[in-house]
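target25.tsv follows; it contains TSV, C-alpha atoms and all ligand atoms.
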```tsv
chain	number	residue	atom	x	y	z
C	1	MET	CA	-151.45	-58.32	61.59
C	2	ARG	CA	-151.09	-57.48	65.26
C	3	THR	CA	-149.58	-60.87	66.13
C	4	ARG	CA	-147.04	-60.56	63.34
C	5	THR	CA	-146.06	-57.05	64.35
C	6	VAL	CA	-145.35	-58.20	67.88
C	7	GLN	CA	-143.10	-60.96	66.57
C	8	TRP	CA	-141.12	-58.49	64.47
C	9	LEU	CA	-140.55	-56.31	67.46
C	10	VAL	CA	-139.36	-59.23	69.57
C	11	ALA	CA	-136.96	-60.72	67.03
C	12	PRO	CA	-134.46	-57.83	66.89
C	13	VAL	CA	-134.36	-57.58	70.66
C	14	VAL	CA	-133.43	-61.26	70.94
C	15	ALA	CA	-130.89	-60.97	68.16
C	16	GLY	CA	-129.39	-57.87	69.74
C	17	THR	CA	-129.07	-59.57	73.11
C	18	LEU	CA	-127.29	-62.54	71.59
C	19	ALA	CA	-125.03	-60.28	69.57
C	20	ALA	CA	-124.15	-58.32	72.70
C	21	ALA	CA	-123.24	-61.59	74.39
C	22	GLY	CA	-120.88	-62.36	71.51
C	23	LEU	CA	-122.94	-65.28	70.32
C	24	ILE	CA	-123.75	-66.22	66.76
C	25	ILE	CA	-127.16	-64.75	66.02
C	26	PHE	CA	-127.96	-66.94	63.04
C	27	ASN	CA	-130.24	-69.87	63.79
C	28	PRO	CA	-130.19	-72.24	60.80
C	29	LEU	CA	-133.53	-73.79	61.69
C	30	THR	CA	-135.61	-70.67	62.06
C	31	ASP	CA	-133.77	-68.63	59.46
C	32	ALA	CA	-133.93	-71.33	56.79
C	33	GLY	CA	-137.70	-71.36	57.20
C	34	ALA	CA	-138.07	-67.60	57.57
C	35	GLY	CA	-141.35	-66.35	56.22
C	36	LYS	CA	-142.86	-69.79	55.73
C	37	LYS	CA	-146.08	-70.38	57.59
C	38	ALA	CA	-145.59	-72.61	60.62
C	39	ASP	CA	-148.33	-75.02	61.72
C	40	THR	CA	-149.78	-72.29	63.89
C	41	GLY	CA	-150.26	-70.14	60.81
C	42	ALA	CA	-147.90	-67.47	62.15
C	43	PRO	CA	-144.85	-66.57	60.03
C	44	GLN	CA	-141.46	-67.32	61.60
C	45	ARG	CA	-139.99	-63.96	60.79
C	46	THR	CA	-136.44	-62.92	61.47
C	47	VAL	CA	-136.06	-60.61	58.47
C	48	ARG	CA	-137.82	-57.28	58.60
C	49	ASN	CA	-135.89	-55.32	55.99
C	50	VAL	CA	-134.32	-56.36	52.68
C	51	ILE	CA	-131.68	-54.31	50.84
C	52	PHE	CA	-131.02	-55.81	47.39
C	53	ILE	CA	-128.03	-54.33	45.57
C	54	ASN	CA	-127.42	-54.78	41.84
C	55	GLY	CA	-124.01	-54.01	40.45
C	56	ASP	CA	-125.20	-53.94	36.85
C	57	GLY	CA	-122.82	-55.98	34.73
C	58	VAL	CA	-120.68	-57.02	37.71
C	59	GLY	CA	-119.08	-60.44	37.29
C	60	ALA	CA	-116.39	-62.07	39.42
C	61	ALA	CA	-113.58	-60.37	37.47
C	62	HIS	CA	-115.08	-56.89	38.00
C	63	ARG	CA	-115.02	-57.53	41.75
C	64	GLU	CA	-111.47	-58.84	41.53
C	65	ALA	CA	-110.20	-55.85	39.51
C	66	ALA	CA	-111.77	-53.53	42.08
C	67	ARG	CA	-110.25	-55.56	44.92
C	68	LEU	CA	-106.73	-55.23	43.47
C	69	PHE	CA	-107.20	-51.52	42.80
C	70	TYR	CA	-108.91	-50.47	46.07
C	71	ALA	CA	-107.78	-53.11	48.60
C	72	GLY	CA	-104.66	-54.79	47.17
C	73	PRO	CA	-103.76	-58.47	46.87
C	74	ARG	CA	-104.09	-59.12	50.63
C	75	GLY	CA	-107.20	-56.95	51.02
C	76	THR	CA	-110.94	-57.56	50.78
C	77	LEU	CA	-113.77	-55.42	49.48
C	78	MET	CA	-116.77	-54.87	51.74
C	79	MET	CA	-119.00	-56.53	49.14
C	80	ASP	CA	-116.78	-59.65	49.23
C	81	SER	CA	-116.53	-59.73	53.03
C	82	PHE	CA	-120.13	-60.82	53.60
C	83	PRO	CA	-120.31	-64.21	55.36
C	84	VAL	CA	-122.21	-66.03	52.61
C	85	SER	CA	-121.34	-66.19	48.93
C	86	GLY	CA	-122.67	-68.15	46.00
C	87	ARG	CA	-123.23	-67.89	42.28
C	88	LEU	CA	-126.24	-67.17	40.11
C	89	THR	CA	-126.68	-68.33	36.53
C	90	THR	CA	-128.39	-65.77	34.32
C	91	SER	CA	-129.97	-67.58	31.33
C	92	PRO	CA	-133.08	-65.82	30.00
C	93	ASP	CA	-136.05	-67.62	28.35
C	94	ASP	CA	-135.70	-65.97	24.99
C	95	PRO	CA	-136.35	-67.60	21.61
C	96	ALA	CA	-133.31	-65.90	20.06
C	97	LYS	CA	-130.80	-65.21	22.86
C	98	ILE	CA	-128.93	-67.24	25.46
C	99	VAL	CA	-127.21	-64.23	27.08
C	100	THR	CA	-129.49	-62.09	29.23
C	101	ASP	CA	-130.10	-58.35	29.26
C	102	SER	CA	-130.85	-56.33	32.39
C	103	ALA	CA	-134.62	-56.48	31.88
C	104	ALA	CA	-134.88	-60.27	31.76
C	105	GLY	CA	-132.32	-60.54	34.57
C	106	ALA	CA	-134.21	-58.21	36.91
C	107	SER	CA	-137.54	-59.80	35.93
C	108	ALA	CA	-136.15	-63.16	37.10
C	109	TRP	CA	-135.32	-61.63	40.50
C	110	ALA	CA	-138.61	-59.77	40.79
C	111	THR	CA	-141.00	-62.50	39.59
C	112	GLY	CA	-139.18	-65.84	39.75
C	113	VAL	CA	-139.90	-66.37	36.04
C	114	ALA	CA	-137.25	-66.50	33.32
C	115	THR	CA	-138.39	-64.42	30.35
C	116	TYR	CA	-137.21	-62.78	27.12
C	117	ASN	CA	-134.71	-59.95	26.81
C	118	GLY	CA	-136.42	-56.58	27.03
C	119	ALA	CA	-139.30	-57.92	29.15
C	120	VAL	CA	-140.14	-56.02	32.32
C	121	SER	CA	-141.83	-58.51	34.67
C	122	VAL	CA	-143.97	-60.09	31.98
C	123	ASP	CA	-143.81	-63.79	31.09
C	124	PRO	CA	-142.50	-65.08	27.73
C	125	ALA	CA	-146.02	-64.64	26.29
C	126	GLY	CA	-146.14	-61.02	27.48
C	127	ASN	CA	-148.53	-61.50	30.41
C	128	PRO	CA	-147.83	-59.27	33.42
C	129	LEU	CA	-146.53	-61.00	36.57
C	130	PRO	CA	-146.65	-59.84	40.20
C	131	ALA	CA	-143.43	-57.87	40.77
C	132	LEU	CA	-141.65	-58.11	44.11
C	133	GLY	CA	-141.45	-54.39	44.93
C	134	ALA	CA	-145.12	-53.84	44.13
C	135	GLU	CA	-146.06	-56.94	46.12
C	136	ALA	CA	-144.01	-55.86	49.14
C	137	LYS	CA	-145.80	-52.51	49.10
C	138	LYS	CA	-149.20	-54.19	48.93
C	139	ALA	CA	-148.18	-56.37	51.89
C	140	GLY	CA	-147.58	-53.25	53.97
C	141	ARG	CA	-143.83	-52.71	53.63
C	142	ALA	CA	-142.25	-49.40	52.78
C	143	THR	CA	-140.44	-49.62	49.43
C	144	GLY	CA	-137.76	-47.71	47.61
C	145	LEU	CA	-135.45	-47.71	44.62
C	146	VAL	CA	-132.12	-45.98	44.19
C	147	THR	CA	-130.08	-46.07	40.98
C	148	THR	CA	-127.48	-44.18	38.96
C	149	ALA	CA	-129.51	-45.08	35.84
C	150	GLN	CA	-132.92	-43.66	34.99
C	151	VAL	CA	-135.29	-44.57	37.84
C	152	THR	CA	-137.44	-46.15	35.12
C	153	ASP	CA	-134.60	-48.20	33.61
C	154	ALA	CA	-134.95	-51.98	33.35
C	155	THR	CA	-133.72	-53.04	36.78
C	156	PRO	CA	-135.85	-50.82	39.03
C	157	ALA	CA	-138.73	-51.10	36.55
C	158	ALA	CA	-138.87	-54.89	36.90
C	159	PHE	CA	-139.46	-54.58	40.65
C	160	PHE	CA	-142.20	-51.94	40.40
C	161	ALA	CA	-143.85	-52.16	36.95
C	162	ASN	CA	-144.80	-54.40	34.02
C	163	ALA	CA	-144.01	-53.72	30.38
C	164	LYS	CA	-143.61	-55.84	27.26
C	165	ASP	CA	-140.75	-53.54	26.22
C	166	ARG	CA	-138.25	-51.91	28.59
C	167	ALA	CA	-138.20	-48.82	26.35
C	168	ALA	CA	-141.63	-47.72	27.68
C	169	GLN	CA	-140.01	-45.68	30.46
C	170	ASP	CA	-142.70	-42.99	30.57
C	171	ASP	CA	-145.39	-45.61	31.11
C	172	ILE	CA	-143.20	-47.22	33.78
C	173	ALA	CA	-143.04	-43.84	35.57
C	174	ARG	CA	-146.83	-43.59	35.34
C	175	GLN	CA	-147.16	-47.07	36.88
C	176	TYR	CA	-144.94	-46.01	39.80
C	177	LEU	CA	-147.36	-43.20	40.63
C	178	GLU	CA	-150.63	-44.96	39.89
C	179	ARG	CA	-149.96	-48.57	40.88
C	180	SER	CA	-146.81	-49.65	42.74
C	181	LYS	CA	-146.19	-46.35	44.62
C	182	PRO	CA	-142.62	-46.76	45.91
C	183	ASP	CA	-142.05	-44.40	48.85
C	184	VAL	CA	-138.52	-43.48	47.74
C	185	ILE	CA	-137.51	-42.98	44.10
C	186	LEU	CA	-133.97	-41.61	43.60
C	187	GLY	CA	-131.85	-41.55	40.44
C	188	GLY	CA	-131.89	-40.12	36.92
C	189	GLY	CA	-134.27	-39.92	33.99
C	190	GLU	CA	-136.27	-36.71	34.39
C	191	ASP	CA	-136.76	-36.73	30.60
C	192	TRP	CA	-139.34	-39.53	30.95
C	193	TRP	CA	-141.47	-37.70	33.53
C	194	LEU	CA	-142.15	-34.62	31.38
C	195	PRO	CA	-143.60	-34.05	27.90
C	196	ALA	CA	-141.47	-32.68	25.05
C	197	GLY	CA	-141.04	-28.92	25.35
C	198	LYS	CA	-141.09	-28.96	29.15
C	199	PRO	CA	-137.42	-29.23	30.15
C	200	GLY	CA	-137.88	-29.33	33.94
C	201	ALA	CA	-134.94	-28.88	36.32
C	202	HIS	CA	-132.43	-30.34	33.84
C	203	ARG	CA	-132.34	-28.42	30.58
C	204	ASP	CA	-132.89	-30.04	27.20
C	205	LYS	CA	-129.98	-30.58	24.80
C	206	PRO	CA	-127.14	-30.03	27.32
C	207	ALA	CA	-123.63	-29.69	25.88
C	208	GLU	CA	-122.46	-33.00	27.39
C	209	ASP	CA	-125.21	-34.88	25.51
C	210	PRO	CA	-127.35	-32.85	23.05
C	211	ALA	CA	-129.59	-35.91	22.47
C	212	GLU	CA	-131.11	-35.51	25.95
C	213	GLY	CA	-134.44	-33.74	26.42
C	214	SER	CA	-137.90	-34.29	27.86
C	215	ARG	CA	-139.80	-36.95	25.89
C	216	GLY	CA	-142.62	-38.37	28.03
C	217	THR	CA	-146.04	-39.13	26.54
C	218	LYS	CA	-147.95	-39.54	29.83
C	219	GLY	CA	-148.31	-35.87	30.78
C	220	ASP	CA	-146.48	-33.94	33.49
C	221	LEU	CA	-145.80	-36.75	35.94
C	222	ILE	CA	-143.71	-34.52	38.22
C	223	THR	CA	-146.68	-32.26	38.93
C	224	LYS	CA	-148.71	-35.41	39.50
C	225	ALA	CA	-146.09	-36.80	41.89
C	226	LYS	CA	-146.14	-33.59	43.92
C	227	ALA	CA	-149.94	-33.71	44.06
C	228	ASP	CA	-149.60	-37.29	45.34
C	229	GLY	CA	-147.46	-36.08	48.24
C	230	TYR	CA	-143.94	-36.67	46.94
C	231	GLN	CA	-141.22	-34.17	47.77
C	232	TYR	CA	-139.44	-33.44	44.47
C	233	VAL	CA	-135.67	-32.84	44.61
C	234	THR	CA	-133.24	-32.38	41.75
C	235	ASN	CA	-129.77	-31.71	43.20
C	236	ALA	CA	-127.45	-32.51	46.10
C	237	ALA	CA	-128.78	-29.68	48.28
C	238	GLY	CA	-132.32	-30.96	47.75
C	239	LEU	CA	-131.28	-34.50	48.62
C	240	ALA	CA	-129.58	-33.31	51.80
C	241	ALA	CA	-132.75	-31.46	52.84
C	242	VAL	CA	-135.20	-34.36	52.29
C	243	LYS	CA	-137.73	-34.60	55.11
C	244	PRO	CA	-139.45	-37.77	56.33
C	245	GLY	CA	-142.07	-38.99	53.87
C	246	LYS	CA	-142.32	-39.86	50.19
C	247	VAL	CA	-139.57	-38.53	47.93
C	248	LEU	CA	-138.94	-38.40	44.19
C	249	GLY	CA	-135.41	-37.30	43.30
C	250	LEU	CA	-134.39	-36.97	39.64
C	251	PHE	CA	-130.84	-35.68	39.40
C	252	ALA	CA	-130.26	-35.81	35.63
C	253	ASN	CA	-132.09	-36.00	32.30
C	254	GLN	CA	-130.98	-39.63	31.84
C	255	GLU	CA	-128.19	-41.56	33.66
C	256	LEU	CA	-126.03	-39.83	36.28
C	257	PHE	CA	-123.01	-40.22	33.95
C	258	GLN	CA	-122.03	-40.07	30.27
C	259	GLN	CA	-121.04	-43.51	29.00
C	260	LYS	CA	-118.44	-43.01	26.28
C	261	PRO	CA	-115.15	-44.77	25.51
C	262	GLU	CA	-112.18	-43.51	27.50
C	263	GLY	CA	-111.17	-39.98	26.55
C	264	GLN	CA	-114.18	-39.47	24.27
C	265	GLY	CA	-116.47	-37.54	26.59
C	266	ASP	CA	-116.83	-40.21	29.25
C	267	VAL	CA	-117.93	-38.55	32.48
C	268	TYR	CA	-118.66	-40.00	35.88
C	269	ARG	CA	-119.16	-37.03	38.17
C	270	PRO	CA	-122.60	-37.86	39.60
C	271	PRO	CA	-124.45	-34.81	40.99
C	272	VAL	CA	-125.32	-37.04	43.97
C	273	THR	CA	-123.53	-40.24	44.93
C	274	LEU	CA	-125.11	-43.68	45.11
C	275	ALA	CA	-123.95	-43.86	48.74
C	276	ASP	CA	-125.71	-40.59	49.65
C	277	MET	CA	-128.90	-41.63	47.88
C	278	THR	CA	-128.79	-44.99	49.68
C	279	ARG	CA	-128.28	-43.28	53.06
C	280	THR	CA	-131.22	-40.94	52.47
C	281	ALA	CA	-133.44	-43.82	51.36
C	282	LEU	CA	-132.56	-45.93	54.40
C	283	THR	CA	-133.23	-43.06	56.80
C	284	GLY	CA	-136.71	-42.62	55.36
C	285	LEU	CA	-137.63	-46.28	54.95
C	286	ALA	CA	-136.41	-47.31	58.41
C	287	ALA	CA	-139.19	-45.21	59.95
C	288	ASP	CA	-141.79	-47.76	58.83
C	289	PRO	CA	-142.40	-50.28	61.64
C	290	ASP	CA	-143.58	-52.88	59.10
C	291	GLY	CA	-140.15	-53.10	57.49
C	292	PHE	CA	-139.01	-52.23	53.99
C	293	PHE	CA	-137.65	-53.38	50.66
C	294	LEU	CA	-134.95	-51.24	49.03
C	295	LEU	CA	-133.41	-51.82	45.60
C	296	VAL	CA	-130.01	-50.17	45.07
C	297	GLU	CA	-128.33	-50.21	41.65
C	298	GLU	CA	-124.97	-49.02	40.32
C	299	GLU	CA	-125.62	-48.88	36.58
C	300	ALA	CA	-122.34	-47.32	35.48
C	301	VAL	CA	-120.29	-50.54	35.72
C	302	ASP	CA	-122.36	-52.07	32.93
C	303	GLU	CA	-122.47	-49.03	30.70
C	304	PHE	CA	-118.75	-48.25	30.93
C	305	ALA	CA	-117.97	-51.95	30.35
C	306	HIS	CA	-120.04	-51.68	27.16
C	307	SER	CA	-117.58	-48.94	26.18
C	308	ASP	CA	-114.54	-51.05	27.22
C	309	ASN	CA	-113.65	-48.22	29.60
C	310	GLY	CA	-111.59	-49.75	32.41
C	311	THR	CA	-110.87	-46.48	34.21
C	312	ARG	CA	-114.54	-45.64	34.59
C	313	VAL	CA	-115.50	-49.25	35.41
C	314	LEU	CA	-113.09	-49.14	38.37
C	315	GLN	CA	-114.51	-45.77	39.41
C	316	ALA	CA	-118.07	-47.12	39.26
C	317	MET	CA	-117.03	-50.22	41.24
C	318	GLY	CA	-115.73	-47.83	43.90
C	319	GLU	CA	-119.10	-46.06	44.03
C	320	LEU	CA	-120.86	-49.42	44.32
C	321	GLU	CA	-118.54	-50.42	47.15
C	322	LYS	CA	-119.34	-47.19	49.07
C	323	ALA	CA	-123.06	-47.85	48.74
C	324	VAL	CA	-122.56	-51.43	49.95
C	325	ALA	CA	-120.73	-50.03	52.98
C	326	VAL	CA	-123.72	-47.79	53.77
C	327	ALA	CA	-126.08	-50.77	53.56
C	328	LYS	CA	-123.78	-52.95	55.66
C	329	ALA	CA	-123.49	-50.27	58.36
C	330	PHE	CA	-127.29	-49.99	58.46
C	331	ALA	CA	-127.67	-53.78	58.74
C	332	ALA	CA	-125.06	-53.95	61.50
C	333	ASN	CA	-127.26	-51.57	63.51
C	334	HIS	CA	-130.52	-53.26	62.47
C	335	PRO	CA	-129.91	-57.04	62.81
C	336	ASP	CA	-133.27	-57.85	61.22
C	337	THR	CA	-131.93	-56.60	57.87
C	338	LEU	CA	-130.82	-58.86	55.00
C	339	VAL	CA	-128.37	-57.35	52.50
C	340	VAL	CA	-127.78	-59.09	49.16
C	341	VAL	CA	-125.20	-57.92	46.58
C	342	THR	CA	-125.07	-59.40	43.10
C	343	GLY	CA	-125.08	-58.54	39.39
C	344	ASP	CA	-127.70	-59.12	36.71
C	345	HIS	CA	-125.08	-60.42	34.23
C	346	GLU	CA	-121.43	-59.95	33.37
C	347	THR	CA	-120.51	-57.24	30.87
C	348	GLY	CA	-117.41	-57.12	28.69
C	349	GLY	CA	-115.80	-60.49	29.35
C	350	LEU	CA	-113.42	-58.59	31.60
C	351	ALA	CA	-109.97	-60.14	32.06
C	352	ILE	CA	-107.25	-59.03	34.49
C	353	GLU	CA	-103.83	-59.25	32.84
C	354	ASP	CA	-100.29	-58.37	33.88
C	355	TYR	CA	-99.06	-57.31	30.47
C	356	ALA	CA	-99.87	-54.24	28.42
C	357	ASP	CA	-103.10	-55.09	26.61
C	358	GLY	CA	-106.46	-53.35	26.81
C	359	ASP	CA	-106.91	-50.56	29.38
C	360	GLY	CA	-104.29	-49.62	31.92
C	361	PRO	CA	-101.94	-49.87	33.58
C	362	PHE	CA	-103.76	-49.65	36.92
C	363	PRO	CA	-101.79	-49.77	40.17
C	364	VAL	CA	-102.28	-52.72	42.54
C	365	LYS	CA	-102.85	-51.02	45.89
C	366	GLY	CA	-99.99	-51.25	48.38
C	367	THR	CA	-97.54	-52.72	45.85
C	368	GLY	CA	-95.39	-51.61	42.95
C	369	LEU	CA	-97.35	-53.93	40.68
C	370	LYS	CA	-99.68	-53.03	37.85
C	371	PHE	CA	-102.50	-54.72	35.96
C	372	TRP	CA	-104.36	-54.20	32.72
C	373	ILE	CA	-108.05	-54.71	31.98
C	374	ASP	CA	-108.76	-56.51	28.72
C	375	TRP	CA	-112.13	-57.21	27.14
C	376	THR	CA	-113.57	-59.94	24.95
C	377	THR	CA	-116.77	-58.12	23.96
C	378	LYS	CA	-118.63	-54.82	24.13
C	379	GLY	CA	-121.72	-56.78	25.14
C	380	HIS	CA	-122.92	-58.99	27.97
C	381	THR	CA	-121.60	-62.51	28.54
C	382	GLY	CA	-123.25	-65.66	29.87
C	383	GLN	CA	-120.93	-66.06	32.86
C	384	SER	CA	-122.51	-66.80	36.21
C	385	VAL	CA	-122.28	-63.90	38.67
C	386	PRO	CA	-121.22	-63.84	42.32
C	387	VAL	CA	-123.81	-63.18	45.02
C	388	THR	CA	-122.86	-62.26	48.58
C	389	ALA	CA	-125.22	-61.86	51.52
C	390	TYR	CA	-125.24	-60.55	55.08
C	391	GLY	CA	-127.84	-60.83	57.81
C	392	PRO	CA	-130.67	-63.23	58.65
C	393	SER	CA	-131.45	-65.71	55.84
C	394	ALA	CA	-128.14	-64.86	54.14
C	395	GLU	CA	-127.20	-68.55	54.18
C	396	ARG	CA	-129.89	-69.21	51.58
C	397	PHE	CA	-127.53	-67.74	49.00
C	398	ASN	CA	-124.86	-70.38	49.52
C	399	GLY	CA	-124.20	-72.50	46.42
C	400	GLN	CA	-125.12	-72.07	42.77
C	401	HIS	CA	-128.67	-71.24	41.73
C	402	PRO	CA	-130.51	-69.76	38.75
C	403	ASN	CA	-131.22	-66.03	39.11
C	404	THR	CA	-134.92	-66.82	39.61
C	405	TYR	CA	-133.89	-68.25	42.99
C	406	VAL	CA	-133.54	-64.69	44.34
C	407	HIS	CA	-137.33	-64.41	44.13
C	408	GLU	CA	-137.77	-67.79	45.82
C	409	VAL	CA	-135.77	-66.53	48.81
C	410	LEU	CA	-136.94	-62.92	49.04
C	411	ARG	CA	-140.66	-63.17	48.36
C	412	PRO	CA	-141.60	-65.11	51.51
C	413	LEU	CA	-139.58	-62.61	53.55
C	414	LEU	CA	-141.45	-59.62	52.13
C	415	VAL	CA	-144.90	-60.90	51.19
C	416	ASN	CA	-147.11	-63.04	53.39
M	1	ZN	ZN	-125.69	-53.84	29.59
```

Write the structure described by the file as structure tokens, please.
Ligand SMILES: [Zn+2]
Amino acid sequence: MRTRTVQWLVAPVVAGTLAAAGLIIFNPLTDAGAGKKADTGAPQRTVRNVIFINGDGVGAAHREAARLFYAGPRGTLMMDSFPVSGRLTTSPDDPAKIVTDSAAGASAWATGVATYNGAVSVDPAGNPLPALGAEAKKAGRATGLVTTAQVTDATPAAFFANAKDRAAQDDIARQYLERSKPDVILGGGEDWWLPAGKPGAHRDKPAEDPAEGSRGTKGDLITKAKADGYQYVTNAAGLAAVKPGKVLGLFANQELFQQKPEGQGDVYRPPVTLADMTRTALTGLAADPDGFFLLVEEEAVDEFAHSDNGTRVLQAMGELEKAVAVAKAFAANHPDTLVVVTGDHETGGLAIEDYADGDGPFPVKGTGLKFWIDWTTKGHTGQSVPVTAYGPSAERFNGQHPNTYVHEVLRPLLVN
């Protein structure tokens, strides 16, 4: 352990010196083998921190619609400006489905195994698999998850828990506290941490969605989290006042938005932004000298695409972009940090059109032009998704790969 720690401390200094000299800091030989054991038995480590960002439901056309809207036809989004880009195919291993859901997609990233829709890091037979976030923690890294969905929703769950059915969100919360122990947990879903009749900080049956209310069956997990040393915060002021150490932040009963069709009660006014949650998480995790793994997820793109709601999809893409900018700024200051941005699947079959069909018109930034967003489905599609990467080992994401390849790249960087 001591030898490895010394190497980690040396690597950023070297990288920083080269960067200051205006030289390219990427070394294809050492970076391509990062994390693999050399003959000496010592890992050749250039990556200390990994920030993995899921734009849930984000395909190439979602990025392009956001580019036209926020950057214009000659502009570039931060998420598209990363030096390496590739594509991931998303096929699950499901006896009845060829198009993935978020659970099978995230399980592929977290375990390297394609599985059935609804599975949370279990194989097609239902056997639990080692999940990347839990493994990184066991290997001594700090870990965190940040999402605008429930913190126990399929994507974060696949990195830090195992379940035959993604609906078991209360048991997933229990596993966070008892088994995988992420240091930072920020998002929604307080309903799953408390038993029925105990509303918590977010009241049951709120006007904006009367179906919400506490529903956990694993006891009062918030009291348990506090006893385990987590700070518990529930609003923007609490998030701003987070002190160093473990933190659980649940800012809504369920998601941080209300996913309805346009004009029918759709709301995306998150009590805390994904960018602010990401910034808080990075500040805390960066204190660990052993490095960290952070999962960041913008869930609203997927859910508003399910509602064919172009206005809110563009808004959610903007929130994703701001969180990517926070991660990129951190990585620019910490050259031993790999940032990966992708999507678990495409949602909606989104098409950008220049005639009045579907949602719109939306202005093309910096021009007098307009575009419309049209949809082919209210579900997911089997399109491959773009992946972009920045930092050491980013070049591994060049080309087209199955989504399980994410695990092949990230695991040796985080676990050895
Ligand atoms: Zn979806």

### Query
Which polymer residues have any atom within 8 Å of an atom of stretch 381-396 of chain C, counting only C-alpha atoms, with same-chain residues fewer than 4 positions away left out, as a PyMOL selection string?
chain C and resi 26+31-32+34+46-47+58-60+79-80+82-91+98-100+328+331+335-349+377+409

### Query
Interatomic distance between atom CA of C:Phe52 and atom CA of C:Leu295?
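Atom-to-atom, atom CA of C:Phe52 and atom CA of C:Leu295 are spaced 5.0 Å apart.
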
Each chain C residue no farther than 7 Å from ligand ZN 1 (chain M), nearest pair in Å, all atoms listed in the file, as JSON lines:
```
{"residue": "C:Gly57", "atom": "CA", "partner": "M:ZN1", "partner_atom": "ZN", "distance": 6.3}
{"residue": "C:Asp101", "atom": "CA", "partner": "M:ZN1", "partner_atom": "ZN", "distance": 6.3}
{"residue": "C:Ser102", "atom": "CA", "partner": "M:ZN1", "partner_atom": "ZN", "distance": 6.4}
{"residue": "C:Asp302", "atom": "CA", "partner": "M:ZN1", "partner_atom": "ZN", "distance": 5.0}
{"residue": "C:Glu303", "atom": "CA", "partner": "M:ZN1", "partner_atom": "ZN", "distance": 5.9}
{"residue": "C:His306", "atom": "CA", "partner": "M:ZN1", "partner_atom": "ZN", "distance": 6.5}
{"residue": "C:Thr347", "atom": "CA", "partner": "M:ZN1", "partner_atom": "ZN", "distance": 6.3}
{"residue": "C:Gly379", "atom": "CA", "partner": "M:ZN1", "partner_atom": "ZN", "distance": 6.6}
{"residue": "C:His380", "atom": "CA", "partner": "M:ZN1", "partner_atom": "ZN", "distance": 6.1}
```

### Spatial neighbours of C:Asp228, max dist 12 Å, only C-alpha atoms, sep filter under 4 positions, as JSON, numbers by chain
{"C": [176, 177, 178, 181, 182, 183, 221, 222, 223, 224, 232, 245, 246, 247, 248]}

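Comparing C:Leu294, C:Ala300, C:Ala110, C:Leu282 by their smallest distance to C:Thr155, the closest is C:Ala110 (using all atoms listed in the file).
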
### Task
Find the residues near C:Gly360: any atom within 10 Å, counting all atoms listed in the file, skip ones fewer than 5 places away on the same chain, and give them as a PyMOL selection string.
chain C and resi 309-311+353-355+370-374

### Task
Quote the spacing between atom CA of C:Gly105 and atom CA of C:Asn117 in Å to one decimal place.
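Straight-line distance from atom CA of C:Gly105 to atom CA of C:Asn117 works out to 8.1 Å.
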
### Message
Counting all atoms listed in the file, which residue out of C:Pro156, C:Gly72, C:Pro402, C:Gly358 sits closest to C:Gly187?
### Response
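The answer is C:Pro156, which sits nearest to C:Gly187.
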
### Task
Name all residues at most 12 Å from C:Leu145 (count only C-alpha atoms; drop same-chain ones fewer than 6 positions away) and give them as a PyMOL selection string.
chain C and resi 50-54+133-134+151-153+155-160+176+180-188+246-250+274+277-282+284-285+292-298

### Query
Could you state the separation of atom CA of C:Pro210 and atom CA of C:Phe304 in Å, given to one decimal place?
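Between atom CA of C:Pro210 and atom CA of C:Phe304 the gap works out to 19.3 Å.
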
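Of the residues under consideration (C:Leu413, C:Leu239, C:Ala168, C:Ala227), C:Ala168 shows the shortest atom-to-atom contact distance to C:Arg215 when counting all atoms listed in the file.
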
### Task
Rank C:Asp93, C:Asp204, C:Glu135, C:Glu299 by their smallest atom-to-atom distance to C:Ala149, using all atoms listed in the file, and report the top residue only.
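Answer, going by the shortest atom-to-atom distance: C:Glu299.
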
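You can rank C:Asn403, C:Gln315, C:Thr147, C:Gln231 by their closest distance to C:Asp56 using only C-alpha atoms, and at the top of that list sits C:Thr147.
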
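Between C:Ala351 and the candidates C:Ala305, C:Asp123, C:Ala154, C:Ala211, the tightest atom-to-atom separation, counting all atoms listed in the file, involves C:Ala305.
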